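*Asks:* I am sharing model02.cif, which consists of mmCIF, C-alpha atoms:
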data_upload
#
loop_
_atom_site.label_atom_id
_atom_site.label_comp_id
_atom_site.auth_asym_id
_atom_site.auth_seq_id
_atom_site.Cartn_x
_atom_site.Cartn_y
_atom_site.Cartn_z
CA MET V 1 47.87 -133.87 75.03
CA LYS V 2 48.96 -130.68 76.81
CA ARG V 3 52.50 -131.04 75.45
CA ILE V 4 51.23 -131.53 71.91
CA PHE V 5 49.06 -128.42 72.17
CA LEU V 6 51.90 -126.30 73.54
CA THR V 7 54.26 -127.60 70.85
CA LEU V 8 51.79 -126.63 68.12
CA ILE V 9 51.51 -123.10 69.49
CA LEU V 10 55.29 -122.74 69.62
CA LEU V 11 55.63 -124.01 66.04
CA LEU V 12 52.94 -121.56 64.88
CA VAL V 13 54.71 -118.60 66.40
CA MET V 14 58.07 -119.72 65.02
CA ILE V 15 57.20 -120.91 61.52
CA VAL V 16 54.54 -118.46 60.32
CA PRO V 17 56.87 -115.43 60.42
CA ILE V 18 59.57 -117.38 58.56
CA PHE V 19 57.27 -118.02 55.60
CA SER V 20 55.22 -114.84 55.91
CA ASN V 21 56.21 -113.74 52.40
CA LEU V 22 54.60 -116.91 51.04
CA ILE V 23 51.58 -117.00 53.35
CA PHE V 24 50.45 -113.37 53.25
CA VAL V 25 49.62 -111.16 50.30
CA ASP V 26 52.09 -108.30 49.87
CA GLN V 27 50.76 -105.01 51.15
CA VAL V 28 50.36 -102.31 48.54
CA ILE V 29 52.68 -99.39 49.25
CA PRO V 30 50.80 -96.08 49.03
CA VAL V 31 51.51 -93.96 45.95
CA SER V 32 52.49 -91.09 48.21
CA THR V 33 54.13 -91.94 51.53
CA PRO V 34 52.75 -89.84 54.42
CA LYS V 35 55.05 -87.11 55.64
CA PHE V 36 55.75 -87.98 59.26
CA ASP V 37 56.84 -85.52 61.91
CA SER V 38 60.19 -86.49 63.43
CA GLY V 39 59.37 -84.82 66.75
CA ASP V 40 56.04 -86.64 67.10
CA THR V 41 57.64 -89.92 66.10
CA ALA V 42 60.50 -89.48 68.57
CA TRP V 43 58.05 -88.70 71.37
CA MET V 44 55.94 -91.78 70.64
CA ILE V 45 59.07 -93.95 70.68
CA VAL V 46 60.03 -92.52 74.07
CA ALA V 47 56.45 -92.86 75.36
CA SER V 48 56.40 -96.53 74.30
CA VAL V 49 59.58 -97.16 76.29
CA LEU V 50 58.12 -95.40 79.32
CA VAL V 51 54.91 -97.44 79.23
CA LEU V 52 56.84 -100.69 78.89
CA LEU V 53 58.89 -99.64 81.92
CA MET V 54 55.68 -99.59 83.94
CA THR V 55 55.33 -103.37 83.89
CA PRO V 56 58.70 -104.05 85.61
CA GLY V 57 57.71 -101.22 87.97
CA LEU V 58 54.48 -103.06 88.71
CA ALA V 59 56.50 -106.22 89.33
CA PHE V 60 58.52 -104.44 92.03
CA PHE V 61 55.37 -102.88 93.51
CA TYR V 62 53.51 -106.19 93.78
CA GLY V 63 56.64 -108.10 94.75
CA GLY V 64 57.17 -105.82 97.71
CA LEU V 65 53.65 -106.37 99.02
CA VAL V 66 53.59 -110.17 99.22
CA GLY V 67 55.19 -112.65 101.60
CA LYS V 68 58.95 -113.09 101.42
CA ASN V 69 58.60 -116.61 100.01
CA SER V 70 56.55 -115.48 97.00
CA VAL V 71 58.35 -112.34 95.87
CA ILE V 72 59.99 -113.81 92.78
CA THR V 73 56.89 -115.63 91.57
CA THR V 74 54.76 -112.52 91.96
CA MET V 75 57.26 -110.43 90.02
CA LEU V 76 57.54 -113.13 87.38
CA GLN V 77 53.83 -112.87 86.62
CA SER V 78 54.31 -109.30 85.38
CA PHE V 79 57.23 -110.34 83.19
CA LEU V 80 55.21 -113.22 81.78
CA ALA V 81 52.60 -110.69 80.68
CA MET V 82 55.33 -108.90 78.74
CA VAL V 83 56.30 -112.15 77.00
CA VAL V 84 52.87 -113.63 76.30
CA ILE V 85 50.83 -110.54 75.45
CA ALA V 86 53.49 -109.04 73.17
CA VAL V 87 53.38 -112.18 70.99
CA LEU V 88 49.58 -112.36 71.14
CA TRP V 89 49.30 -108.68 70.21
CA LEU V 90 51.51 -109.28 67.19
CA ILE V 91 49.45 -112.23 66.01
CA VAL V 92 45.90 -110.98 66.47
CA GLY V 93 45.51 -108.60 69.43
CA TYR V 94 46.23 -105.40 67.52
CA SER V 95 43.87 -106.39 64.74
CA LEU V 96 41.07 -107.15 67.20
CA SER V 97 41.58 -103.81 68.91
CA PHE V 98 42.25 -101.47 65.98
CA GLY V 99 41.27 -103.37 62.85
CA PRO V 100 38.22 -102.40 60.75
CA SER V 101 35.22 -102.31 63.04
CA ILE V 102 32.69 -105.12 63.25
CA ARG V 103 29.48 -103.49 64.54
CA GLY V 104 31.47 -101.13 66.73
CA ILE V 105 32.38 -103.94 69.12
CA ILE V 106 35.56 -105.62 67.85
CA GLY V 107 38.08 -105.29 65.05
CA ASP V 108 38.48 -107.65 62.10
CA PRO V 109 41.06 -110.23 63.29
CA THR V 110 42.29 -110.96 59.77
CA THR V 111 43.26 -107.43 58.74
CA HIS V 112 46.55 -107.16 60.63
CA PHE V 113 47.22 -110.84 61.37
CA PHE V 114 50.90 -111.11 62.37
CA PHE V 115 51.15 -107.31 61.95
CA GLN V 116 50.38 -107.45 58.22
CA GLY V 117 50.10 -103.91 56.93
CA VAL V 118 51.58 -102.49 60.12
CA GLY V 119 54.73 -100.74 58.97
CA ILE V 120 56.37 -97.43 58.21
CA GLN V 121 54.50 -96.57 55.02
CA SER V 122 51.15 -95.74 56.62
CA SER V 123 49.69 -94.23 59.79
CA TRP V 124 46.80 -94.63 62.22
CA ILE V 125 43.88 -92.41 61.28
CA LEU V 126 44.08 -90.44 64.53
CA SER V 127 47.88 -90.22 64.49
CA PRO V 128 48.75 -89.09 60.93
CA THR V 129 52.17 -87.68 61.81
CA THR V 130 53.74 -90.95 63.03
CA PRO V 131 54.28 -94.36 61.38
CA LEU V 132 51.61 -96.95 62.08
CA ILE V 133 54.12 -99.38 63.55
CA ILE V 134 55.01 -97.09 66.46
CA PHE V 135 51.31 -96.56 67.23
CA ALA V 136 50.80 -100.34 67.25
CA VAL V 137 53.82 -100.87 69.49
CA TYR V 138 52.71 -98.09 71.84
CA GLN V 139 49.30 -99.73 72.18
CA MET V 140 51.01 -103.07 72.75
CA MET V 141 52.42 -101.70 76.01
CA PHE V 142 48.90 -100.93 77.25
CA ALA V 143 47.79 -104.43 76.37
CA ILE V 144 50.74 -105.85 78.32
CA ILE V 145 50.26 -104.02 81.61
CA THR V 146 46.49 -104.51 81.85
CA PRO V 147 46.46 -108.28 82.60
CA ALA V 148 49.59 -107.82 84.72
CA LEU V 149 47.56 -105.53 86.98
CA ILE V 150 45.07 -108.32 87.62
CA SER V 151 47.75 -110.61 89.07
CA GLY V 152 47.77 -108.65 92.33
CA SER V 153 44.35 -109.99 93.27
CA PHE V 154 45.44 -113.63 93.23
CA ALA V 155 49.04 -113.16 94.36
CA GLU V 156 50.59 -116.31 95.91
CA ARG V 157 47.62 -118.45 94.86
CA ILE V 158 47.75 -119.36 91.17
CA ASN V 159 49.55 -121.92 89.03
CA LEU V 160 51.70 -120.82 86.13
CA LEU V 161 50.03 -122.38 83.08
CA PRO V 162 46.48 -121.32 84.04
CA TYR V 163 47.77 -117.80 84.65
CA ILE V 164 49.26 -117.64 81.17
CA LEU V 165 46.07 -119.04 79.65
CA PHE V 166 43.88 -116.61 81.57
CA ILE V 167 45.80 -113.47 80.60
CA ALA V 168 45.79 -114.58 76.96
CA LEU V 169 42.03 -115.13 76.97
CA PHE V 170 41.44 -111.93 78.92
CA SER V 171 43.43 -109.97 76.35
CA LEU V 172 41.37 -111.41 73.49
CA PHE V 173 37.87 -111.41 74.99
CA VAL V 174 37.89 -108.53 77.46
CA TYR V 175 40.70 -106.08 76.69
CA ALA V 176 40.40 -106.05 72.89
CA PRO V 177 36.65 -105.34 72.70
CA ILE V 178 36.83 -102.57 75.31
CA ALA V 179 39.85 -101.01 73.58
CA HIS V 180 38.07 -101.15 70.22
CA MET V 181 34.83 -99.67 71.53
CA THR V 182 36.67 -96.87 73.31
CA TRP V 183 39.52 -95.85 70.99
CA HIS V 184 38.54 -96.88 67.46
CA PRO V 185 36.74 -94.09 65.57
CA ASP V 186 33.96 -96.55 64.71
CA GLY V 187 33.82 -98.03 68.21
CA PHE V 188 30.56 -97.94 70.15
CA PHE V 189 31.84 -95.79 73.04
CA PHE V 190 33.83 -93.53 70.73
CA LYS V 191 30.79 -92.76 68.59
CA LEU V 192 28.64 -92.31 71.70
CA GLY V 193 30.96 -89.53 72.82
CA VAL V 194 32.60 -91.25 75.78
CA LEU V 195 35.89 -89.63 76.82
CA ASP V 196 38.71 -91.87 78.01
CA PHE V 197 42.02 -90.24 77.18
CA ALA V 198 44.44 -92.98 78.27
CA GLY V 199 42.59 -95.99 79.62
CA GLY V 200 40.31 -95.46 82.62
CA THR V 201 37.93 -98.06 81.19
CA VAL V 202 40.24 -99.95 78.84
CA VAL V 203 43.03 -100.58 81.34
CA HIS V 204 42.03 -99.85 84.91
CA MET V 205 38.36 -100.71 85.09
CA SER V 206 38.76 -103.84 82.98
CA ALA V 207 41.64 -105.04 85.16
CA GLY V 208 39.98 -104.04 88.42
CA TRP V 209 36.74 -105.86 87.74
CA ALA V 210 38.62 -108.91 86.45
CA ALA V 211 40.62 -108.86 89.67
CA LEU V 212 37.41 -108.86 91.71
CA ALA V 213 36.10 -111.79 89.64
CA GLY V 214 39.31 -113.71 90.32
CA ALA V 215 39.27 -112.96 94.03
CA ILE V 216 35.68 -114.17 94.34
CA TYR V 217 36.23 -117.25 92.19
CA LEU V 218 39.34 -118.38 94.08
CA GLY V 219 37.57 -117.98 97.41
CA GLU V 220 38.99 -117.61 100.89
CA ARG V 221 42.74 -117.17 101.23
CA LYS V 222 44.59 -119.55 103.53
CA LEU V 223 47.22 -116.95 104.28
CA HIS V 224 46.23 -113.30 104.40
CA VAL V 225 48.72 -110.66 103.35
CA SER V 226 49.08 -108.62 106.54
CA LYS V 227 52.05 -106.40 105.78
CA ALA V 228 54.51 -105.61 103.03
CA GLU V 229 57.66 -107.70 103.31
CA GLN V 230 59.84 -105.60 100.99
CA VAL V 231 58.88 -101.94 101.44
CA PRO V 232 61.86 -100.64 99.39
CA TYR V 233 60.48 -102.65 96.45
CA VAL V 234 57.11 -100.92 96.88
CA LEU V 235 58.76 -97.49 96.88
CA LEU V 236 60.91 -98.36 93.86
CA GLY V 237 57.94 -99.79 91.98
CA THR V 238 55.83 -96.72 92.71
CA GLY V 239 58.59 -94.43 91.46
CA ILE V 240 58.99 -96.40 88.24
CA LEU V 241 55.24 -96.48 87.70
CA TRP V 242 54.94 -92.73 88.26
CA ILE V 243 57.69 -92.02 85.73
CA GLY V 244 56.28 -94.49 83.21
CA TRP V 245 52.80 -93.06 83.65
CA LEU V 246 53.97 -89.81 82.08
CA GLY V 247 54.39 -91.74 78.83
CA PHE V 248 51.14 -93.61 79.50
CA ASN V 249 49.09 -90.41 79.65
CA GLY V 250 51.32 -87.99 77.74
CA GLY V 251 51.81 -90.40 74.85
CA SER V 252 48.05 -90.74 74.46
CA ALA V 253 48.09 -87.32 72.80
CA LEU V 254 49.78 -89.23 69.93
CA ALA V 255 52.03 -86.24 69.23
CA ALA V 256 54.61 -84.02 70.89
CA ASN V 257 52.27 -81.09 71.43
CA GLY V 258 50.59 -78.97 74.07
CA LEU V 259 48.03 -81.67 74.82
CA ALA V 260 50.83 -84.11 75.70
CA ALA V 261 52.35 -81.46 77.96
CA GLN V 262 48.98 -80.88 79.66
CA ALA V 263 48.47 -84.61 80.21
CA ILE V 264 51.93 -84.96 81.75
CA ALA V 265 51.42 -81.98 84.06
CA ASN V 266 47.99 -83.28 85.11
CA SER V 267 49.45 -86.71 85.83
CA VAL V 268 52.17 -85.34 88.08
CA VAL V 269 49.87 -83.20 90.21
CA ALA V 270 47.04 -85.76 90.40
CA ALA V 271 49.47 -88.40 91.68
CA ALA V 272 50.79 -85.98 94.27
CA ALA V 273 47.25 -85.00 95.28
CA GLY V 274 46.28 -88.66 95.64
CA GLY V 275 49.21 -89.37 97.92
CA PHE V 276 48.57 -86.14 99.81
CA ALA V 277 44.92 -87.02 100.47
CA TRP V 278 45.68 -90.61 101.51
CA MET V 279 48.42 -89.42 103.87
CA PHE V 280 46.18 -86.81 105.51
CA LEU V 281 43.30 -89.27 105.90
CA ASP V 282 45.62 -91.59 107.79
CA LYS V 283 46.65 -88.74 110.12
CA ILE V 284 43.04 -87.60 110.59
CA ARG V 285 42.15 -91.12 111.71
CA GLY V 286 45.08 -91.20 114.10
CA TYR V 287 47.39 -93.46 112.11
CA GLU V 288 51.04 -92.90 111.31
CA ILE V 289 52.12 -91.99 107.79
CA THR V 290 53.50 -95.12 106.13
CA ALA V 291 55.34 -95.75 102.88
CA VAL V 292 52.91 -98.33 101.54
CA GLU V 293 49.78 -96.30 102.24
CA THR V 294 51.25 -93.18 100.68
CA CYS V 295 52.21 -95.18 97.60
CA LEU V 296 48.64 -96.49 97.31
CA GLY V 297 47.36 -92.92 97.31
CA ILE V 298 49.82 -91.94 94.59
CA LEU V 299 48.70 -94.83 92.41
CA VAL V 300 45.01 -94.04 92.89
CA GLY V 301 45.70 -90.47 91.82
CA LEU V 302 47.45 -91.72 88.70
CA VAL V 303 44.65 -94.15 87.89
CA ALA V 304 41.95 -91.50 88.31
CA ILE V 305 43.64 -88.87 86.14
CA THR V 306 44.25 -91.38 83.33
CA PRO V 307 40.89 -90.95 81.54
CA ALA V 308 40.82 -87.20 82.25
CA SER V 309 44.45 -86.24 81.66
CA GLY V 310 43.93 -84.71 78.21
CA TYR V 311 40.63 -83.02 78.98
CA VAL V 312 40.96 -81.10 82.26
CA SER V 313 42.90 -78.20 83.72
CA ILE V 314 45.76 -78.73 86.14
CA GLU V 315 43.67 -77.33 88.99
CA HIS V 316 40.93 -79.86 88.36
CA ALA V 317 43.56 -82.59 88.12
CA VAL V 318 44.36 -81.86 91.78
CA SER V 319 40.67 -82.23 92.65
CA ILE V 320 40.42 -85.51 90.74
CA GLY V 321 43.44 -86.95 92.55
CA CYS V 322 42.08 -85.96 95.96
CA ILE V 323 38.48 -87.09 95.38
CA ALA V 324 39.47 -90.46 93.93
CA SER V 325 41.95 -91.07 96.73
CA ILE V 326 39.30 -90.38 99.38
CA ILE V 327 36.82 -92.75 97.71
CA SER V 328 39.35 -95.58 97.36
CA TYR V 329 40.68 -94.99 100.87
CA ILE V 330 37.22 -95.45 102.38
CA ILE V 331 36.50 -98.60 100.38
CA VAL V 332 39.91 -100.18 100.99
CA SER V 333 39.92 -99.30 104.71
CA GLU V 334 36.31 -99.94 105.67
CA PHE V 335 35.05 -102.48 103.13
CA LYS V 336 38.20 -104.43 102.31
CA ILE V 337 37.74 -107.41 100.05
CA ILE V 338 39.90 -109.91 101.90
CA ASN V 339 40.58 -112.16 98.93
CA ASP V 340 41.79 -109.27 96.75
CA ALA V 341 45.25 -109.47 98.28
CA LEU V 342 46.77 -106.28 96.91
CA ASP V 343 43.63 -104.12 96.60
CA VAL V 344 43.54 -104.17 92.82
CA PHE V 345 39.80 -103.56 92.76
CA GLY V 346 39.96 -100.73 95.30
CA CYS V 347 42.75 -98.94 93.47
CA HIS V 348 42.12 -99.63 89.81
CA ALA V 349 38.40 -100.29 89.39
CA LEU V 350 37.30 -97.61 91.83
CA GLY V 351 40.04 -95.21 90.71
CA GLY V 352 39.02 -95.75 87.09
CA ILE V 353 35.33 -95.24 87.87
CA SER V 354 36.10 -92.06 89.80
CA GLY V 355 38.24 -90.74 86.96
CA MET V 356 35.62 -91.48 84.32
CA LEU V 357 32.88 -89.78 86.33
CA LEU V 358 35.03 -86.75 87.11
CA THR V 359 35.97 -86.47 83.44
CA GLY V 360 32.26 -86.01 82.86
CA VAL V 361 32.33 -83.18 85.41
CA PHE V 362 35.58 -81.36 84.60
CA ALA V 363 36.13 -81.89 80.83
CA ASN V 364 37.00 -78.48 79.42
CA LYS V 365 36.92 -77.37 75.77
CA ALA V 366 39.51 -74.73 76.59
CA ILE V 367 41.96 -77.54 77.36
CA ASN V 368 40.94 -79.83 74.51
CA PRO V 369 38.94 -78.08 71.75
CA GLY V 370 38.46 -81.44 70.05
CA ILE V 371 35.80 -82.64 72.49
CA THR V 372 32.20 -82.21 71.37
CA GLU V 373 30.63 -82.02 74.82
CA ALA V 374 31.96 -80.20 77.87
CA GLY V 375 31.70 -81.51 81.40
CA LEU V 376 28.94 -80.83 83.90
CA LEU V 377 30.85 -77.97 85.51
CA PHE V 378 30.92 -76.14 82.17
CA GLY V 379 27.26 -76.57 81.32
CA GLY V 380 27.36 -79.91 79.52
CA SER V 381 24.82 -82.54 80.50
CA THR V 382 25.27 -85.29 77.92
CA LEU V 383 28.87 -86.25 78.67
CA ILE V 384 28.29 -87.36 82.26
CA VAL V 385 25.46 -89.61 81.06
CA ASN V 386 27.68 -91.15 78.40
CA GLN V 387 30.42 -91.71 80.96
CA ILE V 388 27.99 -93.51 83.28
CA ILE V 389 26.77 -95.71 80.41
CA ALA V 390 30.37 -96.73 79.66
CA ILE V 391 31.11 -97.37 83.34
CA VAL V 392 28.11 -99.69 83.72
CA ILE V 393 28.74 -101.62 80.51
CA VAL V 394 32.48 -102.07 81.11
CA SER V 395 31.94 -103.08 84.75
CA VAL V 396 29.36 -105.74 83.96
CA PHE V 397 31.16 -106.97 80.85
CA SER V 398 34.61 -107.23 82.40
CA PHE V 399 33.42 -108.91 85.60
CA ALA V 400 31.09 -111.40 83.89
CA VAL V 401 33.43 -112.42 81.07
CA SER V 402 36.45 -112.62 83.39
CA TYR V 403 34.56 -114.82 85.84
CA LEU V 404 33.54 -117.10 82.96
CA LEU V 405 37.16 -117.23 81.80
CA PHE V 406 38.29 -118.32 85.26
CA ILE V 407 35.77 -121.17 85.11
CA ILE V 408 36.95 -122.22 81.63
CA VAL V 409 40.64 -122.03 82.52
CA ASN V 410 40.12 -124.03 85.71
CA ALA V 411 38.34 -126.73 83.71
CA ILE V 412 41.39 -126.98 81.44
CA SER V 413 44.04 -126.83 84.18
CA PRO V 414 43.53 -126.28 87.94
CA ILE V 415 44.15 -122.64 88.81
CA LYS V 416 44.81 -122.73 92.54
CA VAL V 417 48.00 -123.96 94.10
CA SER V 418 47.65 -126.45 96.93
CA GLU V 419 46.92 -125.21 100.44
CA GLN V 420 50.40 -126.16 101.54
CA GLN V 421 52.00 -124.27 98.66
CA GLU V 422 49.95 -121.22 99.51
CA ILE V 423 51.09 -121.36 103.11
CA ASP V 424 54.74 -122.10 102.31
CA GLY V 425 55.02 -119.62 99.45
CA LEU V 426 55.80 -120.36 95.82
CA ASP V 427 59.43 -119.31 95.49
CA GLY V 428 61.72 -122.28 95.04
CA ASN V 429 58.74 -124.37 93.98
CA GLN V 430 56.86 -124.35 90.71
CA PHE V 431 58.19 -121.11 89.24
CA ILE V 432 61.89 -121.48 89.96
CA ASN V 433 63.16 -125.05 89.97
CA LYS V 434 62.67 -127.51 87.13
#
Please rewrite the model in this file as structure tokens.
*Replies:*
Amino acid sequence: MKRIFLTLILLLVMIVPIFSNLIFVDQVIPVSTPKFDSGDTAWMIVASVLVLLMTPGLAFFYGGLVGKNSVITTMLQSFLAMVVIAVLWLIVGYSLSFGPSIRGIIGDPTTHFFFQGVGIQSSWILSPTTPLIIFAVYQMMFAIITPALISGSFAERINLLPYILFIALFSLFVYAPIAHMTWHPDGFFFKLGVLDFAGGTVVHMSAGWAALAGAIYLGERKLHVSKAEQVPYVLLGTGILWIGWLGFNGGSALAANGLAAQAIANSVVAAAAGGFAWMFLDKIRGYEITAVETCLGILVGLVAITPASGYVSIEHAVSIGCIASIISYIIVSEFKIINDALDVFGCHALGGISGMLLTGVFANKAINPGITEAGLLFGGSTLIVNQIIAIVIVSVFSFAVSYLLFIIVNAISPIKVSEQQEIDGLDGNQFINK
């Protein structure tokens, strides 16, 4: 039965595009083609490449943190997200996230089925100077890395097919609704006035809370990750992520303009501030400065500045990186969730929450005149409330739905590897040899 089901999916993906001209109604080409800006288009192409680069960077980062007998399998999980989510995004993910709104919660899945209407003759409403297809591809990269982030919480513990099924369901039932509510002009959070420039809720909080759900559902680990086995991989992965993040945040301006430049500058200094704070906290507590801990601080700084990057000054970006790093450091060090092997919740959920809250404090109309409500520091009182509402809803929604998805997936195919596999490591076992 499983083979029949998988064969049907493969045939669907292969055959529908072949006969798309017969299956789908031809899209009407606009009478006047929008005049696109070549500079904006070029920047969005580059930004898309940079964001895609982040997922292999994540593979190196996670691969360096696990046991030496599970490095390849852990890295493979990130690459599988690239394969599976890209196809799913083409079929229905983009339409669910950015199609015409259904009650502000989700997009119409039929509008852009198999990327119908997503081409070079039209544009996204908030990105009128670039072709729609590059906006859709850029957003695809966000959809890819989000479920890949979750894999760090159940590193060395999960079977291949359930992993693929989970990330597919997560993308449809968790990522897509949050993306739609946050970034679609008719989305619930967007209309409420919530500010999330590049994915504090959509990417980091959704992944972080899903990671916590997975860690709790899978239960006690048989083999605890005590130290990084491949520290050079961690350093390499962090470097790649940092570089890619400039496209992640800078590209969210959707144009090659001053706002993109501000987001890039904020991202650089917030990452540095996060690593700086984490490093100093270690020294204050009498520990030596280590590569892995410094890298964690850098990543927390990047996560925290993500929702704020296009709304705050560079000075406040430093504060955001430091504050978020201190919060995550305390939680990871003093209240470590043992089953969350690679601290996905501590870095991404808490970093995302910190960034969303601090956006509500530091958002500045002088940096981004397009915002309707300034942050608390500049006399605004509504924004911080809206940010808290979004934080609560996304936290509860992502955790609850993700936990339910783990239950459903496990009922279809057992998620956990055997105890002996967990102890021995997965390389050379299920993911490598036929």
*Asks:* What is the distance, in Å and to one decimal place, between CA of Gly346 in chain V and CA of Gly200 in chain V?
*Replies:*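 Between these atoms lies a distance of 13.7 Å.
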*Asks:* Please write the residues picked by the PyMOL selection byres ((chain V and resi 86) around 12) on this file as a ChimeraX atom specification.
*Replies:* /V:13,52,79-85,87-94,114-115,136-145,147,167-168,171
*Asks:* For CA of Ala255 in chain V and CA of Ala390 in chain V, quote the distance in Å rounded to one decimal.
*Replies:*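 Straight-line distance from CA of Ala255 in chain V to CA of Ala390 in chain V works out to 26.2 Å.
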*Asks:* What gap, in Å, lies between CA of Asn266 in chain V and CA of Pro307 in chain V?
*Replies:*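 Going from CA of Asn266 in chain V over to CA of Pro307 in chain V covers 11.0 Å.
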*Asks:* Please identify all polymer residues within 9 Å of Gly375 in chain V, counting only C-alpha atoms, omitting same-chain residues fewer than 2 positions from it, and present them as an MDAnalysis selection string.
*Replies:* chainID V and resid 358:365 373 377:384
*Asks:* For Met44 in chain V, which residue out of V:Ile389, V:Ile164, V:Ala253, V:Ala374 is the nearest one, using all atoms listed in the file?
*Replies:* V:Ala253
*Asks:* Taking the file as shown, find all residues satisfying the PyMOL selection byres ((chain V and resi 162) around 10) and write them as a VMD selection string.
*Replies:* chain V and resid 158 to 161 163 to 168 406 408 to 416
*Asks:* Using only C-alpha atoms, find the one residue out of V:Thr182, V:Gln230, V:Thr41, V:Ser333 that sits nearest to Trp278 in chain V.
*Replies:*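 Ranked by minimum distance to Trp278 in chain V, first place goes to V:Ser333.
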*Asks:* Pick from V:Ile423, V:Ile125, V:Leu254, V:Ala366: nearest to Arg221 in chain V, with all atoms listed in the file counted?
*Replies:*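 Closest to Arg221 in chain V of all the choices is V:Ile423.
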*Asks:* Give the answer as one residue: which of V:Gln116, V:Thr74, V:Gln421, V:Thr55 has the shortest atom-to-atom distance to Leu241 in chain V, using only C-alpha atoms?
*Replies:* V:Thr55
*Asks:* Write out as a VMD selection string each polymer residue whose atoms come within 12 Å of Leu149 in chain V, counting only C-alpha atoms; drop sequence neighbours fewer than 3 positions from it.
*Replies:* chain V and resid 54 to 59 61 to 62 74 to 75 77 to 79 81 to 82 142 to 146 152 to 155 167 170 203 to 212 241 303 340 342 to 345 347 to 349
